[in-house]
file protein34.pdb (PDB, C-alpha atoms and all ligand atoms)
ATOM      1  CA  MET A  25     -72.690 -47.043 -92.714  1.00  0.00           C
ATOM      2  CA  ASN A  26     -73.652 -50.638 -93.313  1.00  0.00           C
ATOM      3  CA  THR A  27     -72.627 -52.582 -90.253  1.00  0.00           C
ATOM      4  CA  ALA A  28     -73.967 -55.899 -91.594  1.00  0.00           C
ATOM      5  CA  THR A  29     -71.058 -58.314 -91.894  1.00  0.00           C
ATOM      6  CA  THR A  30     -70.828 -62.027 -92.502  1.00  0.00           C
ATOM      7  CA  PRO A  31     -70.994 -63.720 -89.080  1.00  0.00           C
ATOM      8  CA  PRO A  32     -67.602 -65.200 -88.105  1.00  0.00           C
ATOM      9  CA  ARG A  33     -67.491 -68.938 -88.732  1.00  0.00           C
ATOM     10  CA  LYS A  34     -67.585 -70.933 -85.503  1.00  0.00           C
ATOM     11  CA  THR A  35     -64.461 -72.815 -84.451  1.00  0.00           C
ATOM     12  CA  LEU A  36     -65.654 -76.427 -84.228  1.00  0.00           C
ATOM     13  CA  GLN A  37     -62.383 -77.930 -82.948  1.00  0.00           C
ATOM     14  CA  PRO A  38     -60.280 -75.636 -80.707  1.00  0.00           C
ATOM     15  CA  LEU A  39     -56.594 -75.153 -81.512  1.00  0.00           C
ATOM     16  CA  TRP A  40     -55.393 -77.069 -78.426  1.00  0.00           C
ATOM     17  CA  LEU A  41     -57.517 -80.107 -79.437  1.00  0.00           C
ATOM     18  CA  ARG A  42     -56.201 -80.064 -83.006  1.00  0.00           C
ATOM     19  CA  ALA A  43     -52.623 -79.786 -81.742  1.00  0.00           C
ATOM     20  CA  VAL A  44     -52.949 -82.689 -79.284  1.00  0.00           C
ATOM     21  CA  HIS A  45     -54.756 -84.827 -81.896  1.00  0.00           C
ATOM     22  CA  TRP A  46     -51.963 -84.506 -84.486  1.00  0.00           C
ATOM     23  CA  ILE A  47     -49.181 -84.901 -81.902  1.00  0.00           C
ATOM     24  CA  ASN A  48     -51.026 -88.027 -80.733  1.00  0.00           C
ATOM     25  CA  VAL A  49     -51.183 -89.363 -84.304  1.00  0.00           C
ATOM     26  CA  LEU A  50     -47.405 -88.964 -84.649  1.00  0.00           C
ATOM     27  CA  ALA A  51     -46.686 -90.535 -81.248  1.00  0.00           C
ATOM     28  CA  VAL A  52     -49.072 -93.469 -81.901  1.00  0.00           C
ATOM     29  CA  LEU A  53     -47.505 -94.186 -85.300  1.00  0.00           C
ATOM     30  CA  VAL A  54     -43.985 -94.192 -83.829  1.00  0.00           C
ATOM     31  CA  MET A  55     -45.162 -96.404 -80.929  1.00  0.00           C
ATOM     32  CA  ILE A  56     -46.835 -98.919 -83.266  1.00  0.00           C
ATOM     33  CA  LEU A  57     -43.995 -99.172 -85.809  1.00  0.00           C
ATOM     34  CA  SER A  58     -41.245 -99.397 -83.179  1.00  0.00           C
ATOM     35  CA  GLY A  59     -43.439-101.798 -81.156  1.00  0.00           C
ATOM     36  CA  TRP A  60     -43.630-104.151 -84.122  1.00  0.00           C
ATOM     37  CA  ARG A  61     -39.805-104.229 -84.289  1.00  0.00           C
ATOM     38  CA  ILE A  62     -39.599-104.978 -80.541  1.00  0.00           C
ATOM     39  CA  TYR A  63     -42.213-107.743 -80.975  1.00  0.00           C
ATOM     40  CA  ASN A  64     -40.148-109.283 -83.831  1.00  0.00           C
ATOM     41  CA  ALA A  65     -37.214-109.797 -81.421  1.00  0.00           C
ATOM     42  CA  SER A  66     -39.361-112.239 -79.395  1.00  0.00           C
ATOM     43  CA  PRO A  67     -42.722-112.938 -81.107  1.00  0.00           C
ATOM     44  CA  ILE A  68     -45.656-114.077 -78.965  1.00  0.00           C
ATOM     45  CA  PHE A  69     -47.466-115.634 -81.923  1.00  0.00           C
ATOM     46  CA  SER A  70     -46.246-117.603 -84.935  1.00  0.00           C
ATOM     47  CA  PHE A  71     -45.719-114.536 -87.121  1.00  0.00           C
ATOM     48  CA  SER A  72     -43.476-111.473 -87.329  1.00  0.00           C
ATOM     49  CA  PHE A  73     -44.044-108.057 -88.863  1.00  0.00           C
ATOM     50  CA  PRO A  74     -42.293-107.341 -92.192  1.00  0.00           C
ATOM     51  CA  GLY A  75     -39.106-105.377 -91.408  1.00  0.00           C
ATOM     52  CA  GLU A  76     -39.987-102.562 -93.849  1.00  0.00           C
ATOM     53  CA  TYR A  77     -43.077-101.716 -91.742  1.00  0.00           C
ATOM     54  CA  THR A  78     -41.071-101.331 -88.539  1.00  0.00           C
ATOM     55  CA  LEU A  79     -39.044 -98.510 -87.015  1.00  0.00           C
ATOM     56  CA  GLY A  80     -35.681 -98.524 -85.272  1.00  0.00           C
ATOM     57  CA  GLY A  81     -33.627-100.901 -87.449  1.00  0.00           C
ATOM     58  CA  TRP A  82     -32.879-103.289 -84.575  1.00  0.00           C
ATOM     59  CA  LEU A  83     -34.170-104.072 -81.076  1.00  0.00           C
ATOM     60  CA  GLY A  84     -32.102-101.387 -79.282  1.00  0.00           C
ATOM     61  CA  GLY A  85     -33.015 -98.693 -81.813  1.00  0.00           C
ATOM     62  CA  ALA A  86     -36.708 -99.613 -81.657  1.00  0.00           C
ATOM     63  CA  ILE A  87     -36.709 -99.458 -77.841  1.00  0.00           C
ATOM     64  CA  LEU A  88     -35.226 -95.941 -77.975  1.00  0.00           C
ATOM     65  CA  TRP A  89     -37.980 -94.805 -80.379  1.00  0.00           C
ATOM     66  CA  HIS A  90     -40.655 -96.558 -78.283  1.00  0.00           C
ATOM     67  CA  PHE A  91     -39.600 -94.873 -75.026  1.00  0.00           C
ATOM     68  CA  ALA A  92     -39.134 -91.447 -76.628  1.00  0.00           C
ATOM     69  CA  ALA A  93     -42.630 -91.561 -78.169  1.00  0.00           C
ATOM     70  CA  MET A  94     -44.058 -92.974 -74.909  1.00  0.00           C
ATOM     71  CA  TRP A  95     -43.300 -89.703 -73.068  1.00  0.00           C
ATOM     72  CA  VAL A  96     -44.898 -87.674 -75.857  1.00  0.00           C
ATOM     73  CA  LEU A  97     -47.972 -89.953 -75.869  1.00  0.00           C
ATOM     74  CA  VAL A  98     -48.437 -89.856 -72.080  1.00  0.00           C
ATOM     75  CA  LEU A  99     -47.803 -86.124 -71.543  1.00  0.00           C
ATOM     76  CA  ASN A 100     -49.926 -85.240 -74.580  1.00  0.00           C
ATOM     77  CA  GLY A 101     -52.665 -87.603 -73.361  1.00  0.00           C
ATOM     78  CA  LEU A 102     -52.672 -85.997 -69.896  1.00  0.00           C
ATOM     79  CA  LEU A 103     -52.925 -82.550 -71.528  1.00  0.00           C
ATOM     80  CA  TYR A 104     -55.863 -83.806 -73.649  1.00  0.00           C
ATOM     81  CA  LEU A 105     -57.690 -85.221 -70.629  1.00  0.00           C
ATOM     82  CA  GLY A 106     -56.960 -82.161 -68.454  1.00  0.00           C
ATOM     83  CA  MET A 107     -58.141 -79.667 -71.086  1.00  0.00           C
ATOM     84  CA  ASN A 108     -61.132 -81.782 -72.150  1.00  0.00           C
ATOM     85  CA  LEU A 109     -62.348 -82.253 -68.571  1.00  0.00           C
ATOM     86  CA  GLY A 110     -61.362 -78.750 -67.397  1.00  0.00           C
ATOM     87  CA  THR A 111     -63.180 -76.907 -70.182  1.00  0.00           C
ATOM     88  CA  GLY A 112     -66.291 -79.109 -69.998  1.00  0.00           C
ATOM     89  CA  ARG A 113     -65.729 -80.175 -73.634  1.00  0.00           C
ATOM     90  CA  MET A 114     -65.692 -83.847 -72.680  1.00  0.00           C
ATOM     91  CA  ARG A 115     -69.230 -83.676 -71.290  1.00  0.00           C
ATOM     92  CA  GLN A 116     -70.487 -81.551 -74.159  1.00  0.00           C
ATOM     93  CA  ARG A 117     -68.935 -83.648 -76.974  1.00  0.00           C
ATOM     94  CA  PHE A 118     -69.248 -87.200 -75.650  1.00  0.00           C
ATOM     95  CA  PHE A 119     -72.381 -87.163 -73.489  1.00  0.00           C
ATOM     96  CA  PRO A 120     -75.204 -88.034 -73.134  1.00  0.00           C
ATOM     97  CA  LEU A 121     -74.774 -91.589 -74.384  1.00  0.00           C
ATOM     98  CA  SER A 122     -77.582 -94.093 -74.815  1.00  0.00           C
ATOM     99  CA  LEU A 123     -77.710 -97.649 -76.083  1.00  0.00           C
ATOM    100  CA  GLY A 124     -80.877 -96.855 -78.064  1.00  0.00           C
ATOM    101  CA  GLY A 125     -79.237 -93.831 -79.689  1.00  0.00           C
ATOM    102  CA  MET A 126     -76.163 -95.852 -80.536  1.00  0.00           C
ATOM    103  CA  ILE A 127     -78.181 -98.635 -82.178  1.00  0.00           C
ATOM    104  CA  ARG A 128     -80.231 -96.050 -84.107  1.00  0.00           C
ATOM    105  CA  ASP A 129     -77.109 -94.214 -85.378  1.00  0.00           C
ATOM    106  CA  MET A 130     -75.401 -97.524 -86.226  1.00  0.00           C
ATOM    107  CA  VAL A 131     -78.426 -98.707 -88.265  1.00  0.00           C
ATOM    108  CA  ASP A 132     -78.629 -95.288 -90.003  1.00  0.00           C
ATOM    109  CA  ALA A 133     -74.878 -95.429 -90.755  1.00  0.00           C
ATOM    110  CA  LEU A 134     -75.137 -98.935 -92.254  1.00  0.00           C
ATOM    111  CA  ARG A 135     -78.072 -97.798 -94.424  1.00  0.00           C
ATOM    112  CA  GLY A 136     -76.071 -94.728 -95.533  1.00  0.00           C
ATOM    113  CA  LYS A 137     -78.663 -92.453 -93.916  1.00  0.00           C
ATOM    114  CA  LEU A 138     -76.620 -90.913 -91.103  1.00  0.00           C
ATOM    115  CA  SER A 139     -76.721 -87.126 -91.310  1.00  0.00           C
ATOM    116  CA  HIS A 140     -73.376 -85.283 -91.444  1.00  0.00           C
ATOM    117  CA  GLY A 141     -75.030 -81.855 -91.533  1.00  0.00           C
ATOM    118  CA  ASP A 142     -74.077 -80.758 -88.007  1.00  0.00           C
ATOM    119  CA  LEU A 143     -70.356 -81.352 -87.486  1.00  0.00           C
ATOM    120  CA  SER A 144     -70.359 -79.564 -84.114  1.00  0.00           C
ATOM    121  CA  GLN A 145     -71.744 -82.771 -82.565  1.00  0.00           C
ATOM    122  CA  TYR A 146     -70.434 -86.326 -82.675  1.00  0.00           C
ATOM    123  CA  ASN A 147     -73.064 -88.990 -83.360  1.00  0.00           C
ATOM    124  CA  GLN A 148     -73.560 -91.758 -80.789  1.00  0.00           C
ATOM    125  CA  VAL A 149     -71.409 -94.282 -82.699  1.00  0.00           C
ATOM    126  CA  GLN A 150     -68.539 -91.764 -82.903  1.00  0.00           C
ATOM    127  CA  ARG A 151     -68.859 -90.981 -79.200  1.00  0.00           C
ATOM    128  CA  VAL A 152     -68.603 -94.648 -78.225  1.00  0.00           C
ATOM    129  CA  ALA A 153     -65.787 -95.337 -80.737  1.00  0.00           C
ATOM    130  CA  TYR A 154     -63.696 -92.367 -79.511  1.00  0.00           C
ATOM    131  CA  LEU A 155     -64.270 -93.207 -75.832  1.00  0.00           C
ATOM    132  CA  LEU A 156     -63.276 -96.840 -76.485  1.00  0.00           C
ATOM    133  CA  ALA A 157     -60.156 -95.688 -78.385  1.00  0.00           C
ATOM    134  CA  LEU A 158     -59.214 -93.476 -75.418  1.00  0.00           C
ATOM    135  CA  ALA A 159     -59.790 -96.363 -72.967  1.00  0.00           C
ATOM    136  CA  ASP A 160     -57.690 -98.601 -75.235  1.00  0.00           C
ATOM    137  CA  LEU A 161     -54.845 -96.054 -75.158  1.00  0.00           C
ATOM    138  CA  VAL A 162     -54.987 -96.069 -71.345  1.00  0.00           C
ATOM    139  CA  LEU A 163     -54.842 -99.894 -71.390  1.00  0.00           C
ATOM    140  CA  LEU A 164     -51.869 -99.742 -73.779  1.00  0.00           C
ATOM    141  CA  VAL A 165     -49.983 -97.428 -71.425  1.00  0.00           C
ATOM    142  CA  LEU A 166     -50.836 -99.521 -68.334  1.00  0.00           C
ATOM    143  CA  SER A 167     -49.865-102.832 -69.948  1.00  0.00           C
ATOM    144  CA  GLY A 168     -46.714-101.180 -71.342  1.00  0.00           C
ATOM    145  CA  LEU A 169     -45.780-100.042 -67.821  1.00  0.00           C
ATOM    146  CA  ALA A 170     -46.436-103.595 -66.568  1.00  0.00           C
ATOM    147  CA  VAL A 171     -44.002-105.026 -69.133  1.00  0.00           C
ATOM    148  CA  TRP A 172     -41.414-102.258 -68.622  1.00  0.00           C
ATOM    149  CA  LYS A 173     -41.344-102.310 -64.786  1.00  0.00           C
ATOM    150  CA  PRO A 174     -42.723-105.733 -63.762  1.00  0.00           C
ATOM    151  CA  VAL A 175     -40.941-105.562 -60.369  1.00  0.00           C
ATOM    152  CA  GLN A 176     -41.623-101.948 -59.310  1.00  0.00           C
ATOM    153  CA  LEU A 177     -45.166-102.010 -60.733  1.00  0.00           C
ATOM    154  CA  SER A 178     -45.835-105.670 -59.936  1.00  0.00           C
ATOM    155  CA  TRP A 179     -49.442-104.903 -58.907  1.00  0.00           C
ATOM    156  CA  ILE A 180     -50.289-103.881 -62.499  1.00  0.00           C
ATOM    157  CA  THR A 181     -48.392-106.879 -63.912  1.00  0.00           C
ATOM    158  CA  THR A 182     -50.227-109.247 -61.539  1.00  0.00           C
ATOM    159  CA  LEU A 183     -53.568-107.630 -62.402  1.00  0.00           C
ATOM    160  CA  LEU A 184     -52.904-108.297 -66.095  1.00  0.00           C
ATOM    161  CA  GLY A 185     -52.057-111.962 -65.559  1.00  0.00           C
ATOM    162  CA  GLY A 186     -48.292-111.782 -65.025  1.00  0.00           C
ATOM    163  CA  PHE A 187     -45.518-110.762 -67.415  1.00  0.00           C
ATOM    164  CA  GLN A 188     -46.702-112.898 -70.368  1.00  0.00           C
ATOM    165  CA  GLY A 189     -50.317-111.919 -69.709  1.00  0.00           C
ATOM    166  CA  ALA A 190     -49.364-108.221 -69.775  1.00  0.00           C
ATOM    167  CA  ARG A 191     -47.465-108.746 -73.065  1.00  0.00           C
ATOM    168  CA  THR A 192     -50.541-110.367 -74.616  1.00  0.00           C
ATOM    169  CA  VAL A 193     -52.828-107.582 -73.319  1.00  0.00           C
ATOM    170  CA  HIS A 194     -50.376-105.003 -74.757  1.00  0.00           C
ATOM    171  CA  PHE A 195     -50.428-106.761 -78.137  1.00  0.00           C
ATOM    172  CA  VAL A 196     -54.229-107.152 -78.271  1.00  0.00           C
ATOM    173  CA  ALA A 197     -54.719-103.486 -77.256  1.00  0.00           C
ATOM    174  CA  MET A 198     -52.319-102.490 -80.083  1.00  0.00           C
ATOM    175  CA  ALA A 199     -54.294-104.613 -82.582  1.00  0.00           C
ATOM    176  CA  LEU A 200     -57.582-102.988 -81.447  1.00  0.00           C
ATOM    177  CA  LEU A 201     -56.034 -99.525 -81.853  1.00  0.00           C
ATOM    178  CA  VAL A 202     -54.860-100.399 -85.380  1.00  0.00           C
ATOM    179  CA  ALA A 203     -58.422-101.594 -86.201  1.00  0.00           C
ATOM    180  CA  PHE A 204     -59.791 -98.297 -84.812  1.00  0.00           C
ATOM    181  CA  ILE A 205     -57.320 -96.271 -86.919  1.00  0.00           C
ATOM    182  CA  VAL A 206     -58.282 -98.127 -90.133  1.00  0.00           C
ATOM    183  CA  VAL A 207     -62.031 -97.524 -89.580  1.00  0.00           C
ATOM    184  CA  HIS A 208     -61.397 -93.951 -88.328  1.00  0.00           C
ATOM    185  CA  VAL A 209     -59.394 -92.987 -91.433  1.00  0.00           C
ATOM    186  CA  LEU A 210     -62.032 -94.652 -93.678  1.00  0.00           C
ATOM    187  CA  MET A 211     -64.726 -92.519 -92.019  1.00  0.00           C
ATOM    188  CA  VAL A 212     -62.620 -89.389 -92.549  1.00  0.00           C
ATOM    189  CA  VAL A 213     -62.272 -90.303 -96.253  1.00  0.00           C
ATOM    190  CA  LEU A 214     -66.077 -90.672 -96.450  1.00  0.00           C
ATOM    191  CA  VAL A 215     -66.660 -87.244 -94.807  1.00  0.00           C
ATOM    192  CA  PRO A 216     -63.537 -85.235 -95.783  1.00  0.00           C
ATOM    193  CA  ARG A 217     -64.935 -81.955 -94.358  1.00  0.00           C
ATOM    194  CA  THR A 218     -64.127 -83.332 -90.903  1.00  0.00           C
ATOM    195  CA  LEU A 219     -60.416 -83.443 -91.844  1.00  0.00           C
ATOM    196  CA  ARG A 220     -60.466 -79.765 -92.794  1.00  0.00           C
ATOM    197  CA  ILE A 221     -62.077 -78.993 -89.419  1.00  0.00           C
ATOM    198  CA  MET A 222     -59.444 -81.082 -87.608  1.00  0.00           C
ATOM    199  CA  ILE A 223     -56.716 -79.055 -89.406  1.00  0.00           C
ATOM    200  CA  ILE A 224     -57.974 -75.456 -89.493  1.00  0.00           C
ATOM    201  CA  GLY A 225     -60.773 -75.698 -86.912  1.00  0.00           C
ATOM    202  CA  ARG A 226     -63.662 -74.460 -89.125  1.00  0.00           C
TER
HETATM  203  C1  LIG B 301     -53.245 -92.591 -85.132  1.00  0.00           C
HETATM  204  C2  LIG B 301     -54.160 -92.701 -84.233  1.00  0.00           C
HETATM  205  C3  LIG B 301     -55.379 -91.860 -84.061  1.00  0.00           C
HETATM  206  C4  LIG B 301     -56.077 -91.793 -82.933  1.00  0.00           C
HETATM  207  C5  LIG B 301     -55.795 -92.567 -81.637  1.00  0.00           C
HETATM  208  C6  LIG B 301     -57.183 -90.843 -83.149  1.00  0.00           C
HETATM  209  C7  LIG B 301     -58.136 -90.525 -82.206  1.00  0.00           C
HETATM  210  C8  LIG B 301     -59.132 -89.597 -82.347  1.00  0.00           C
HETATM  211  C9  LIG B 301     -60.056 -89.205 -81.316  1.00  0.00           C
HETATM  212  C10 LIG B 301     -60.086 -89.793 -79.884  1.00  0.00           C
HETATM  213  C11 LIG B 301     -60.853 -88.238 -81.830  1.00  0.00           C
HETATM  214  C12 LIG B 301     -61.922 -87.467 -81.071  1.00  0.00           C
HETATM  215  C13 LIG B 301     -61.181 -86.342 -80.353  1.00  0.00           C
HETATM  216  C14 LIG B 301     -62.059 -85.419 -79.585  1.00  0.00           C
HETATM  217  O1  LIG B 301     -63.000 -84.848 -80.153  1.00  0.00           O
HETATM  218  O2  LIG B 301     -61.784 -85.188 -78.382  1.00  0.00           O
HETATM  219  C15 LIG B 301     -60.460 -88.035 -83.205  1.00  0.00           C
HETATM  220  C16 LIG B 301     -61.071 -87.157 -84.092  1.00  0.00           C
HETATM  221  C17 LIG B 301     -60.704 -87.016 -85.415  1.00  0.00           C
HETATM  222  N1  LIG B 301     -59.637 -87.628 -86.049  1.00  0.00           N
HETATM  223 FE1  LIG B 301     -58.372 -88.991 -85.248  1.00  0.00          FE
HETATM  224  N2  LIG B 301     -57.111 -90.380 -84.422  1.00  0.00           N
HETATM  225  C18 LIG B 301     -56.032 -90.965 -85.032  1.00  0.00           C
HETATM  226  C19 LIG B 301     -55.617 -90.769 -86.337  1.00  0.00           C
HETATM  227  C20 LIG B 301     -56.229 -89.939 -87.246  1.00  0.00           C
HETATM  228  C21 LIG B 301     -55.822 -89.759 -88.631  1.00  0.00           C
HETATM  229  C22 LIG B 301     -54.627 -90.465 -89.295  1.00  0.00           C
HETATM  230  C23 LIG B 301     -56.695 -88.877 -89.181  1.00  0.00           C
HETATM  231  C24 LIG B 301     -56.746 -88.338 -90.592  1.00  0.00           C
HETATM  232  C25 LIG B 301     -56.672 -89.041 -91.672  1.00  0.00           C
HETATM  233  C26 LIG B 301     -57.643 -88.472 -88.160  1.00  0.00           C
HETATM  234  C27 LIG B 301     -58.667 -87.571 -88.322  1.00  0.00           C
HETATM  235  C28 LIG B 301     -59.581 -87.194 -87.363  1.00  0.00           C
HETATM  236  C29 LIG B 301     -60.684 -86.272 -87.598  1.00  0.00           C
HETATM  237  C30 LIG B 301     -60.995 -85.566 -88.902  1.00  0.00           C
HETATM  238  C31 LIG B 301     -61.402 -86.180 -86.383  1.00  0.00           C
HETATM  239  C32 LIG B 301     -62.666 -85.381 -86.117  1.00  0.00           C
HETATM  240  C33 LIG B 301     -63.828 -86.219 -86.562  1.00  0.00           C
HETATM  241  C34 LIG B 301     -65.101 -85.430 -86.676  1.00  0.00           C
HETATM  242  O3  LIG B 301     -65.150 -84.236 -86.388  1.00  0.00           O
HETATM  243  O4  LIG B 301     -66.102 -86.043 -87.091  1.00  0.00           O
HETATM  244  N3  LIG B 301     -57.337 -89.149 -86.999  1.00  0.00           N
HETATM  245  N4  LIG B 301     -59.408 -88.864 -83.496  1.00  0.00           N
END

call {"tool": "encode", "arguments": {"input": "protein34.pdb", "output": "structure tokens"}}
result
Amino acid sequence: MNTATTPPRKTLQPLWLRAVHWINVLAVLVMILSGWRIYNASPIFSFSFPGEYTLGGWLGGAILWHFAAMWVLVLNGLLYLGMNLGTGRMRQRFFPLSLGGMIRDMVDALRGKLSHGDLSQYNQVQRVAYLLALADLVLLVLSGLAVWKPVQLSWITTLLGGFQGARTVHFVAMALLVAFIVVHVLMVVLVPRTLRIMIIGR
């Protein structure tokens, strides 16, 4: 009997990671769109977001969406960190990091010469971008807590420059996350195989 079979294709993104990634996408979108409606009720800068790109209909509705998605974002984020650290995936996927490697990969990417042959590894630019996005999400949650509970969590509010300071930090962190999402989705469009892997794992 011929026992030779095609080797099973390796799972590049485990099921738990794919699940938390897509839940995170949903939670982040709800947070951003409802956040824009909340911002419109008392803008920090001299502009507002067009109503059709916001969620919640009015301030009260937007706050309900924002708080509902906040729990999903935080619990899902804790699950992501716990699983990533617990399984050793964090170390394997995001480290080692080096400034030289990052500059080299950045130059290669700009010259269109970055290899996408091995999708089981993130390149140095991806590693830094994902780690910064994760740090930005943590900052968003912390500054959100500072604005939500400025009395009970006054130490965070004070650390972020008071209530108005925390609002500005929250806004800037949101803007950075939106910039990350735009570049991130562009990269996925350039290398669509990664999307397939993020959906079915292989
Ligand atoms: C909405 C906010 C989003 C955030 C905060 C986010 C964040 C991340 C992070 C941190 C990773 C690395 C995860 C890890 O390996 O542990 C990742 C990977 C990935 N994301 Fe997103 N993402 C977002 C939206 C999206 C969207 C809308 C798409 C699809 C169009 C997408 C497609 C992917 C793909 C394909 C990968 C794997 C990349 C690769 O293997 O090269 N993401 N994302």

call {"tool": "residues_around", "arguments": {"input": "protein34.pdb", "residues": "A:Leu184", "least_positions_apart": "5", "cutoff": "10 Å", "atoms": "all atoms listed in the file", "output": "count of residues only"}}
result
12

call {"tool": "resolve_selection", "arguments": {"input": "protein34.pdb", "expression": "the PyMOL selection byres (((not hetatm)) within 6 of (chain B and resi 301))", "output": "CSV table (one decimal) with C-alpha atoms, keeping the file's coordinate frame"}}
result
chain,number,residue,atom,x,y,z
A,49,VAL,CA,-51.2,-89.4,-84.3
A,52,VAL,CA,-49.1,-93.5,-81.9
A,53,LEU,CA,-47.5,-94.2,-85.3
A,154,TYR,CA,-63.7,-92.4,-79.5
A,158,LEU,CA,-59.2,-93.5,-75.4
A,205,ILE,CA,-57.3,-96.3,-86.9
A,209,VAL,CA,-59.4,-93.0,-91.4
A,212,VAL,CA,-62.6,-89.4,-92.5
A,218,THR,CA,-64.1,-83.3,-90.9
A,219,LEU,CA,-60.4,-83.4,-91.8
A,222,MET,CA,-59.4,-81.1,-87.6

call {"tool": "atom_distance", "arguments": {"input": "protein34.pdb", "atom1": "atom CA of A:Pro67", "atom2": "atom CA of A:Ile87"}}
result
15.1 Å

call {"tool": "atom_distance", "arguments": {"input": "protein34.pdb", "atom1": "atom CA of A:Pro38", "atom2": "atom CA of A:Gly106"}}
result
14.3 Å

call {"tool": "atom_distance", "arguments": {"input": "protein34.pdb", "atom1": "atom CA of A:Asp160", "atom2": "atom CA of A:Val202"}}
result
10.7 Å

call {"tool": "residues_near_point", "arguments": {"input": "protein34.pdb", "point": "(-75.0, -85.6, -73.7)", "cutoff": "12 Å", "atoms": "all atoms listed in the file", "output": "ChimeraX atom specification"}}
result
/A:112-122,125,145-148,151-152

call {"tool": "residues_around", "arguments": {"input": "protein34.pdb", "residues": "A:Leu201", "least_positions_apart": "2", "cutoff": "8 Å", "atoms": "all atoms listed in the file", "output": "ChimeraX atom specification"}}
result
/A:157,160-161,197-199,203-205

call {"tool": "resolve_selection", "arguments": {"input": "protein34.pdb", "expression": "the PyMOL selection byres (((chain A and resi 95-103) around 10) and not hetatm)", "output": "list in words"}}
result
Trp40, Leu41, Ala43, Val44, His45, Ile47, Asn48, Val49, Leu50, Ala51, Val52, Val54, Met55, His90, Phe91, Ala92, Ala93, Met94, Tyr104, Leu105, Gly106, Met107, Asn108, Leu109, Leu158, Leu161, Val162 and Val165 of chain A

call {"tool": "residues_near_point", "arguments": {"input": "protein34.pdb", "point": "(-44.7, -100.0, -89.8)", "cutoff": "10 Å", "atoms": "all atoms listed in the file", "output": "PyMOL selection string"}}
result
chain A and resi 53-61+73-79

call {"tool": "closest_residue", "arguments": {"input": "protein34.pdb", "among": "A:Val149, A:Gly85, A:Leu210, A:Leu163", "to": "A:Arg128", "atoms": "all atoms listed in the file"}}
result
A:Val149

call {"tool": "closest_residue", "arguments": {"input": "protein34.pdb", "among": "A:His140, A:Ile223, A:Val196, A:Gly81", "to": "A:Ala65", "atoms": "all atoms listed in the file"}}
result
A:Gly81

call {"tool": "axis_aligned_box", "arguments": {"input": "protein34.pdb", "around": "stretch 153-171 of chain A", "padding_each_side": "3 Å", "output": "lines of an AutoDock Vina configuration file"}}
result
center_x = -54.9
center_y = -98.7
center_z = -73.7
size_x = 27.8
size_y = 18.7
size_z = 20.2
